[in-house]
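File shown: work_13.cif (mmCIF, C-alpha atoms, pLDDT in the B column; chains and numbers go by the auth columns).
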data_model
#
loop_
_atom_site.group_PDB
_atom_site.id
_atom_site.type_symbol
_atom_site.label_atom_id
_atom_site.label_comp_id
_atom_site.label_asym_id
_atom_site.label_seq_id
_atom_site.Cartn_x
_atom_site.Cartn_y
_atom_site.Cartn_z
_atom_site.B_iso_or_equiv
_atom_site.auth_seq_id
_atom_site.auth_asym_id
ATOM 1 C CA THR A 1 7.740 -60.659 9.718 51.00 1 N
ATOM 2 C CA PRO A 2 11.485 -61.490 10.139 55.00 2 N
ATOM 3 C CA ALA A 3 10.670 -65.203 10.596 51.00 3 N
ATOM 4 C CA TYR A 4 7.937 -65.305 7.935 52.00 4 N
ATOM 5 C CA ASP A 5 9.994 -66.747 5.073 54.00 5 N
ATOM 6 C CA THR A 6 11.546 -69.487 7.202 54.00 6 N
ATOM 7 C CA VAL A 7 8.257 -70.569 8.770 55.00 7 N
ATOM 8 C CA VAL A 8 6.433 -70.680 5.430 59.00 8 N
ATOM 9 C CA ARG A 9 9.287 -72.531 3.725 53.00 9 N
ATOM 10 C CA TRP A 10 9.353 -75.382 6.234 51.00 10 N
ATOM 11 C CA THR A 11 5.648 -75.795 7.021 59.00 11 N
ATOM 12 C CA THR A 12 4.167 -75.569 3.526 63.00 12 N
ATOM 13 C CA ARG A 13 6.836 -77.109 1.239 70.00 13 N
ATOM 14 C CA GLU A 14 6.960 -73.636 -0.265 77.00 14 N
ATOM 15 C CA ARG A 15 9.614 -74.302 -2.892 85.00 15 N
ATOM 16 C CA ALA A 16 7.853 -77.327 -4.381 89.00 16 N
ATOM 17 C CA VAL A 17 4.392 -75.742 -4.208 91.00 17 N
ATOM 18 C CA LYS A 18 5.404 -72.398 -5.696 91.00 18 N
ATOM 19 C CA ARG A 19 7.483 -74.083 -8.401 93.00 19 N
ATOM 20 C CA ALA A 20 4.408 -76.093 -9.392 95.00 20 N
ATOM 21 C CA LEU A 21 2.238 -72.966 -9.274 96.00 21 N
ATOM 22 C CA LEU A 22 4.708 -71.116 -11.476 95.00 22 N
ATOM 23 C CA ASN A 23 4.805 -73.976 -13.983 94.00 23 N
ATOM 24 C CA ALA A 24 0.994 -74.231 -14.092 94.00 24 N
ATOM 25 C CA THR A 25 0.253 -70.581 -14.735 94.00 25 N
ATOM 26 C CA GLY A 26 1.196 -70.454 -18.438 92.00 26 N
ATOM 27 C CA LEU A 27 3.094 -67.207 -18.145 94.00 27 N
ATOM 28 C CA ASP A 28 4.870 -67.527 -21.469 91.00 28 N
ATOM 29 C CA ARG A 29 1.504 -66.537 -22.988 86.00 29 N
ATOM 30 C CA ALA A 30 0.769 -63.751 -20.478 95.00 30 N
ATOM 31 C CA ARG A 31 1.531 -60.010 -20.358 97.00 31 N
ATOM 32 C CA ARG A 32 0.459 -58.831 -16.898 98.00 32 N
ATOM 33 C CA LEU A 33 0.300 -60.732 -13.611 98.00 33 N
ATOM 34 C CA MET A 34 -1.034 -59.746 -10.202 98.00 34 N
ATOM 35 C CA ASP A 35 -0.135 -61.812 -7.138 98.00 35 N
ATOM 36 C CA VAL A 36 -2.734 -61.333 -4.399 98.00 36 N
ATOM 37 C CA GLY A 37 -1.259 -61.461 -0.904 97.00 37 N
ATOM 38 C CA CYS A 38 2.290 -61.450 -2.222 96.00 38 N
ATOM 39 C CA GLY A 39 3.885 -61.476 1.233 93.00 39 N
ATOM 40 C CA THR A 40 7.622 -60.883 1.104 93.00 40 N
ATOM 41 C CA GLY A 41 7.685 -61.329 -2.670 95.00 41 N
ATOM 42 C CA THR A 42 9.205 -64.798 -3.040 93.00 42 N
ATOM 43 C CA PHE A 43 6.800 -65.884 -5.790 95.00 43 N
ATOM 44 C CA VAL A 44 6.684 -62.672 -7.830 97.00 44 N
ATOM 45 C CA ILE A 45 10.484 -62.416 -7.788 97.00 45 N
ATOM 46 C CA ALA A 46 10.707 -65.967 -9.145 96.00 46 N
ATOM 47 C CA VAL A 47 8.119 -65.077 -11.797 97.00 47 N
ATOM 48 C CA LYS A 48 10.020 -62.004 -12.955 97.00 48 N
ATOM 49 C CA ARG A 49 13.316 -63.879 -13.076 96.00 49 N
ATOM 50 C CA ARG A 50 11.860 -66.548 -15.353 96.00 50 N
ATOM 51 C CA TYR A 51 9.643 -64.229 -17.431 97.00 51 N
ATOM 52 C CA PRO A 52 11.344 -60.810 -17.620 95.00 52 N
ATOM 53 C CA HIS A 53 8.851 -59.651 -20.271 94.00 53 N
ATOM 54 C CA LEU A 54 5.976 -59.744 -17.760 97.00 54 N
ATOM 55 C CA ASP A 55 4.556 -56.713 -15.988 98.00 55 N
ATOM 56 C CA VAL A 56 4.372 -58.126 -12.436 98.00 56 N
ATOM 57 C CA VAL A 57 2.419 -56.580 -9.542 98.00 57 N
ATOM 58 C CA GLY A 58 2.359 -57.843 -5.967 98.00 58 N
ATOM 59 C CA VAL A 59 -0.433 -56.761 -3.595 98.00 59 N
ATOM 60 C CA ASP A 60 -0.438 -57.120 0.189 98.00 60 N
ATOM 61 C CA PRO A 61 -2.127 -55.229 3.059 96.00 61 N
ATOM 62 C CA ASP A 62 0.917 -55.256 5.371 95.00 62 N
ATOM 63 C CA PRO A 63 3.317 -52.312 4.798 95.00 63 N
ATOM 64 C CA LYS A 64 6.169 -53.991 6.677 94.00 64 N
ATOM 65 C CA VAL A 65 5.866 -57.095 4.527 94.00 65 N
ATOM 66 C CA LEU A 66 5.799 -54.966 1.355 96.00 66 N
ATOM 67 C CA GLU A 67 8.950 -53.126 2.376 96.00 67 N
ATOM 68 C CA ARG A 68 10.686 -56.449 2.916 95.00 68 N
ATOM 69 C CA ALA A 69 9.473 -57.546 -0.527 96.00 69 N
ATOM 70 C CA ARG A 70 10.860 -54.385 -2.153 97.00 70 N
ATOM 71 C CA VAL A 71 14.250 -54.990 -0.535 97.00 71 N
ATOM 72 C CA LYS A 72 14.290 -58.594 -1.746 96.00 72 N
ATOM 73 C CA ALA A 73 13.363 -57.521 -5.295 97.00 73 N
ATOM 74 C CA ARG A 74 16.112 -54.899 -5.375 97.00 74 N
ATOM 75 C CA ARG A 75 18.646 -57.454 -4.188 97.00 75 N
ATOM 76 C CA ALA A 76 17.440 -59.873 -6.854 97.00 76 N
ATOM 77 C CA GLY A 77 17.769 -57.169 -9.524 97.00 77 N
ATOM 78 C CA VAL A 78 14.188 -57.496 -10.753 97.00 78 N
ATOM 79 C CA ASP A 79 11.552 -54.830 -11.425 97.00 79 N
ATOM 80 C CA VAL A 80 8.350 -55.723 -9.579 98.00 80 N
ATOM 81 C CA THR A 81 5.635 -53.256 -8.544 98.00 81 N
ATOM 82 C CA PHE A 82 4.373 -53.699 -4.976 98.00 82 N
ATOM 83 C CA LEU A 83 1.065 -52.092 -3.991 98.00 83 N
ATOM 84 C CA PRO A 84 -0.828 -51.916 -0.686 98.00 84 N
ATOM 85 C CA GLY A 85 -4.244 -53.489 -0.908 97.00 85 N
ATOM 86 C CA SER A 86 -6.459 -56.306 0.302 96.00 86 N
ATOM 87 C CA ALA A 87 -7.846 -59.316 -1.538 97.00 87 N
ATOM 88 C CA THR A 88 -11.368 -57.919 -1.112 97.00 88 N
ATOM 89 C CA ASP A 89 -10.489 -54.518 -2.612 97.00 89 N
ATOM 90 C CA LEU A 90 -7.783 -54.924 -5.243 98.00 90 N
ATOM 91 C CA PRO A 91 -5.986 -51.730 -6.352 97.00 91 N
ATOM 92 C CA ALA A 92 -6.552 -52.220 -10.093 97.00 92 N
ATOM 93 C CA PRO A 93 -9.109 -51.345 -12.774 97.00 93 N
ATOM 94 C CA ASP A 94 -11.358 -53.886 -14.471 97.00 94 N
ATOM 95 C CA ASP A 95 -9.820 -56.251 -17.042 96.00 95 N
ATOM 96 C CA ALA A 96 -6.277 -55.226 -16.124 97.00 96 N
ATOM 97 C CA PHE A 97 -4.497 -58.603 -15.811 98.00 97 N
ATOM 98 C CA ASP A 98 -4.473 -61.787 -17.854 96.00 98 N
ATOM 99 C CA ARG A 99 -3.116 -63.777 -14.901 98.00 99 N
ATOM 100 C CA VAL A 100 -3.844 -63.524 -11.179 98.00 100 N
ATOM 101 C CA THR A 101 -2.185 -65.780 -8.621 98.00 101 N
ATOM 102 C CA SER A 102 -2.489 -66.319 -4.881 97.00 102 N
ATOM 103 C CA SER A 103 -0.545 -68.505 -2.452 94.00 103 N
ATOM 104 C CA LEU A 104 -1.828 -69.386 1.021 93.00 104 N
ATOM 105 C CA VAL A 105 -3.993 -66.291 1.354 95.00 105 N
ATOM 106 C CA PHE A 106 -7.600 -67.476 1.219 96.00 106 N
ATOM 107 C CA HIS A 107 -7.394 -69.441 4.484 95.00 107 N
ATOM 108 C CA HIS A 108 -6.990 -66.076 6.252 95.00 108 N
ATOM 109 C CA LEU A 109 -10.411 -64.939 4.935 96.00 109 N
ATOM 110 C CA THR A 110 -13.931 -65.633 6.175 96.00 110 N
ATOM 111 C CA SER A 111 -16.391 -67.312 3.814 96.00 111 N
ATOM 112 C CA ASP A 112 -17.898 -63.949 2.874 96.00 112 N
ATOM 113 C CA GLN A 113 -14.455 -62.446 2.321 96.00 113 N
ATOM 114 C CA LYS A 114 -13.494 -65.405 0.136 96.00 114 N
ATOM 115 C CA ARG A 115 -16.513 -64.747 -2.097 95.00 115 N
ATOM 116 C CA ARG A 116 -15.736 -61.009 -2.220 96.00 116 N
ATOM 117 C CA ALA A 117 -12.069 -61.658 -3.009 97.00 117 N
ATOM 118 C CA THR A 118 -13.074 -64.043 -5.772 97.00 118 N
ATOM 119 C CA GLY A 119 -15.335 -61.376 -7.240 96.00 119 N
ATOM 120 C CA GLU A 120 -12.454 -58.895 -7.180 97.00 120 N
ATOM 121 C CA ILE A 121 -10.173 -61.391 -8.924 98.00 121 N
ATOM 122 C CA ALA A 122 -12.797 -62.022 -11.599 97.00 122 N
ATOM 123 C CA ARG A 123 -13.183 -58.251 -12.025 97.00 123 N
ATOM 124 C CA VAL A 124 -9.504 -57.512 -12.655 98.00 124 N
ATOM 125 C CA LEU A 125 -9.014 -60.476 -14.999 97.00 125 N
ATOM 126 C CA THR A 126 -9.365 -60.030 -18.740 96.00 126 N
ATOM 127 C CA ASP A 127 -11.697 -62.214 -20.794 93.00 127 N
ATOM 128 C CA GLY A 128 -9.713 -65.384 -21.294 92.00 128 N
ATOM 129 C CA GLY A 129 -7.585 -64.604 -18.247 96.00 129 N
ATOM 130 C CA GLU A 130 -6.766 -67.224 -15.640 97.00 130 N
ATOM 131 C CA PHE A 131 -6.594 -67.436 -11.851 98.00 131 N
ATOM 132 C CA HIS A 132 -4.139 -69.880 -10.290 98.00 132 N
ATOM 133 C CA MET A 133 -3.998 -70.538 -6.561 97.00 133 N
ATOM 134 C CA ALA A 134 -2.255 -72.676 -3.965 96.00 134 N
ATOM 135 C CA ASP A 135 -3.935 -73.056 -0.584 96.00 135 N
ATOM 136 C CA TRP A 136 -5.026 -75.555 2.026 95.00 136 N
ATOM 137 C CA VAL A 137 -7.684 -77.997 0.840 96.00 137 N
ATOM 138 C CA ARG A 138 -9.566 -80.909 2.405 95.00 138 N
ATOM 139 C CA PRO A 139 -6.940 -83.053 4.160 93.00 139 N
ATOM 140 C CA ALA A 140 -6.095 -86.104 2.071 91.00 140 N
ATOM 141 C CA ASN A 141 -6.091 -88.513 5.036 94.00 141 N
ATOM 142 C CA VAL A 142 -6.344 -88.717 8.813 94.00 142 N
ATOM 143 C CA LEU A 143 -2.715 -87.729 9.334 93.00 143 N
ATOM 144 C CA MET A 144 -3.104 -84.614 7.164 91.00 144 N
ATOM 145 C CA ARG A 145 -6.275 -83.731 9.110 92.00 145 N
ATOM 146 C CA VAL A 146 -4.447 -83.983 12.436 91.00 146 N
ATOM 147 C CA LEU A 147 -1.572 -81.869 11.113 89.00 147 N
ATOM 148 C CA PHE A 148 -3.998 -79.240 9.800 87.00 148 N
ATOM 149 C CA TRP A 149 -5.140 -78.565 13.381 90.00 149 N
ATOM 150 C CA SER A 150 -1.905 -76.588 13.805 89.00 150 N
ATOM 151 C CA VAL A 151 -2.964 -74.219 11.004 88.00 151 N
ATOM 152 C CA GLN A 152 -6.448 -73.874 12.456 89.00 152 N
ATOM 153 C CA LEU A 153 -5.116 -73.123 15.931 91.00 153 N
ATOM 154 C CA LEU A 154 -2.770 -70.496 14.529 87.00 154 N
ATOM 155 C CA ASP A 155 -4.995 -68.844 11.904 88.00 155 N
ATOM 156 C CA GLY A 156 -8.447 -69.444 13.378 92.00 156 N
ATOM 157 C CA PHE A 157 -11.197 -71.999 12.886 94.00 157 N
ATOM 158 C CA ASP A 158 -13.656 -69.540 11.313 94.00 158 N
ATOM 159 C CA THR A 159 -11.395 -68.835 8.333 95.00 159 N
ATOM 160 C CA THR A 160 -9.970 -72.345 7.865 94.00 160 N
ATOM 161 C CA ARG A 161 -13.165 -74.388 8.265 95.00 161 N
ATOM 162 C CA ASP A 162 -14.042 -74.050 4.565 95.00 162 N
ATOM 163 C CA HIS A 163 -10.677 -75.585 3.697 96.00 163 N
ATOM 164 C CA ALA A 164 -10.949 -78.473 6.142 95.00 164 N
ATOM 165 C CA ASP A 165 -14.478 -79.211 4.898 95.00 165 N
ATOM 166 C CA GLY A 166 -13.531 -79.111 1.214 94.00 166 N
ATOM 167 C CA ARG A 167 -15.701 -76.079 0.366 94.00 167 N
ATOM 168 C CA LEU A 168 -13.039 -73.856 -1.178 95.00 168 N
ATOM 169 C CA LEU A 169 -13.810 -74.683 -4.816 95.00 169 N
ATOM 170 C CA GLU A 170 -17.516 -74.120 -4.165 94.00 170 N
ATOM 171 C CA LEU A 171 -16.798 -70.653 -2.757 94.00 171 N
ATOM 172 C CA LEU A 172 -14.616 -69.733 -5.745 95.00 172 N
ATOM 173 C CA ALA A 173 -17.454 -70.647 -8.081 94.00 173 N
ATOM 174 C CA ALA A 174 -19.971 -68.710 -5.974 92.00 174 N
ATOM 175 C CA GLY A 175 -17.763 -65.627 -6.137 91.00 175 N
ATOM 176 C CA GLY A 176 -17.734 -65.348 -9.924 92.00 176 N
ATOM 177 C CA LEU A 177 -15.223 -67.834 -11.316 96.00 177 N
ATOM 178 C CA ALA A 178 -15.849 -70.756 -13.665 95.00 178 N
ATOM 179 C CA ASP A 179 -14.025 -73.970 -14.590 95.00 179 N
ATOM 180 C CA VAL A 180 -12.798 -74.166 -11.010 96.00 180 N
ATOM 181 C CA THR A 181 -10.507 -77.181 -10.809 96.00 181 N
ATOM 182 C CA GLN A 182 -8.044 -78.675 -8.352 96.00 182 N
ATOM 183 C CA HIS A 183 -5.164 -80.143 -10.349 94.00 183 N
ATOM 184 C CA ARG A 184 -2.907 -81.682 -7.724 93.00 184 N
ATOM 185 C CA SER A 185 -2.129 -81.750 -4.028 95.00 185 N
ATOM 186 C CA PHE A 186 0.916 -81.749 -1.768 94.00 186 N
ATOM 187 C CA ALA A 187 1.356 -83.421 1.606 93.00 187 N
ATOM 188 C CA THR A 188 3.072 -80.942 3.942 92.00 188 N
ATOM 189 C CA PRO A 189 4.009 -80.831 7.643 89.00 189 N
ATOM 190 C CA ALA A 190 0.825 -78.805 8.273 87.00 190 N
ATOM 191 C CA GLY A 191 -1.749 -80.504 6.032 91.00 191 N
ATOM 192 C CA THR A 192 -2.711 -80.805 2.370 95.00 192 N
ATOM 193 C CA VAL A 193 -2.034 -77.933 -0.041 96.00 193 N
ATOM 194 C CA GLY A 194 -3.941 -77.953 -3.314 96.00 194 N
ATOM 195 C CA LEU A 195 -3.139 -76.352 -6.654 97.00 195 N
ATOM 196 C CA MET A 196 -6.225 -74.855 -8.331 97.00 196 N
ATOM 197 C CA SER A 197 -7.197 -72.846 -11.390 97.00 197 N
ATOM 198 C CA ALA A 198 -10.249 -70.989 -12.666 97.00 198 N
ATOM 199 C CA ARG A 199 -11.437 -68.422 -15.224 96.00 199 N
ATOM 200 C CA PRO A 200 -13.813 -65.459 -15.058 94.00 200 N
ATOM 201 C CA ALA A 201 -17.361 -66.770 -15.372 89.00 201 N
ATOM 202 C CA THR A 202 -18.032 -64.450 -18.329 70.00 202 N
ATOM 203 C CA ALA A 203 -15.249 -66.202 -20.239 48.00 203 N
ATOM 204 C CA SER A 204 -16.532 -69.734 -19.691 42.00 204 N
#

Show this structure as structure tokens.
Amino acid sequence: TPAYDTVVRWTTRERAVKRALLNATGLDRARRLMDVGCGTGTFVIAVKRRYPHLDVVGVDPDPKVLERARVKARRAGVDVTFLPGSATDLPAPDDAFDRVTSSLVFHHLTSDQKRRATGEIARVLTDGGEFHMADWVRPANVLMRVLFWSVQLLDGFDTTRDHADGRLLELLAAGGLADVTQHRSFATPAGTVGLMSARPATAS
């Protein structure tokens, strides 16, 4: 946990990726946002700084990570709610958020967990709500594929195989989302990160 922010920053081009995710999410039109797998709170703190009108909730299963996030939010002087919970069992009622985001979380989930997490995201989104995600996608070239081996060795081949094989968008659609689209990609020291969006299937 103490090294988490530094490792993520340098291996994933975190600043560029999360800036692009923030710009793509259309938060000037939103009221409530949930960030799934918020980690130490870097993204939700940036969201609240730019859009102080938003009700922002970060969810993560690791209590130590959440405590670090709360400390960072207090130091930043922003009001963010942090809740314990997993991507496959989100601590929120139906239709509670008009935006849900996730950064580098889905590659920690099995295929079945990805589908279940997608169903949970669709459940908590309002009609007309949007899901925006950044995560590893099919490597853009041979070099990116070789670099992505480091992620697979660290996080496991079972959970990352869908990403290496380019099946992530298919799994999002199977889990209950529609208009699933990859908008852009980033070459990083550990592979290719894609920026994606989707809507609840009932709103398509």

Pick out the residues sitting within 12 Å of Trp149 in chain N, and hand them over as an mmCIF file with C-alpha atoms, keeping the file's coordinate frame; count all atoms listed in the file, and ignore anything fewer than 3 positions along from it in its own chain.
data_model
loop_
_atom_site.group_PDB
_atom_site.id
_atom_site.type_symbol
_atom_site.label_atom_id
_atom_site.label_comp_id
_atom_site.auth_asym_id
_atom_site.auth_seq_id
_atom_site.Cartn_x
_atom_site.Cartn_y
_atom_site.Cartn_z
ATOM 1 C CA TRP N 136 -5.026 -75.555 2.026
ATOM 2 C CA PRO N 139 -6.940 -83.053 4.160
ATOM 3 C CA VAL N 142 -6.344 -88.717 8.813
ATOM 4 C CA LEU N 143 -2.715 -87.729 9.334
ATOM 5 C CA MET N 144 -3.104 -84.614 7.164
ATOM 6 C CA ARG N 145 -6.275 -83.731 9.110
ATOM 7 C CA VAL N 146 -4.447 -83.983 12.436
ATOM 8 C CA GLN N 152 -6.448 -73.874 12.456
ATOM 9 C CA LEU N 153 -5.116 -73.123 15.931
ATOM 10 C CA LEU N 154 -2.770 -70.496 14.529
ATOM 11 C CA ASP N 155 -4.995 -68.844 11.904
ATOM 12 C CA GLY N 156 -8.447 -69.444 13.378
ATOM 13 C CA PHE N 157 -11.197 -71.999 12.886
ATOM 14 C CA THR N 160 -9.970 -72.345 7.865
ATOM 15 C CA ARG N 161 -13.165 -74.388 8.265
ATOM 16 C CA HIS N 163 -10.677 -75.585 3.697
ATOM 17 C CA ALA N 164 -10.949 -78.473 6.142
ATOM 18 C CA PRO N 189 4.009 -80.831 7.643
ATOM 19 C CA ALA N 190 0.825 -78.805 8.273
ATOM 20 C CA GLY N 191 -1.749 -80.504 6.032
ATOM 21 C CA THR N 192 -2.711 -80.805 2.370
#

Per-axis box centre and lengths in Å around range 138-152 of chain N, 3 Å margin per side, axis-aligned, as JSON:
{"center_x": -5.6, "center_y": -81.3, "center_z": 7.9, "size_x": 14.0, "size_y": 20.8, "size_z": 17.7}

**Study point:** Residues in the PyMOL selection byres ((chain N and resi 175) around 9), expressed as a ChimeraX atom specification
**Key:** /N:114-120,122,170-174,176-177

Practice item. Identify which of the residues N:Arg123, N:Met133, N:Ala140, N:Val44 lies closest to Val105 in chain N, counting only C-alpha atoms when measuring atom-to-atom distances. Key: N:Met133

Practice item. Kindly resolve the PyMOL selection byres ((chain N and resi 82-96) around 10) on the present coordinates and return the residues as JSON, numbers by chain. Key: {"N": [32, 33, 34, 35, 36, 37, 38, 39, 40, 41, 44, 56, 57, 58, 59, 60, 61, 62, 63, 65, 66, 67, 69, 70, 73, 79, 80, 81, 97, 98, 99, 100, 102, 105, 106, 109, 112, 113, 114, 115, 116, 117, 118, 119, 120, 121, 122, 123, 124, 125, 126, 127, 129]}

Exercise for review: Measure the distance from CA of Ala16 in chain N to CA of Phe148 in chain N in Å and round it to one decimal.
Suggested key: 18.6 Å
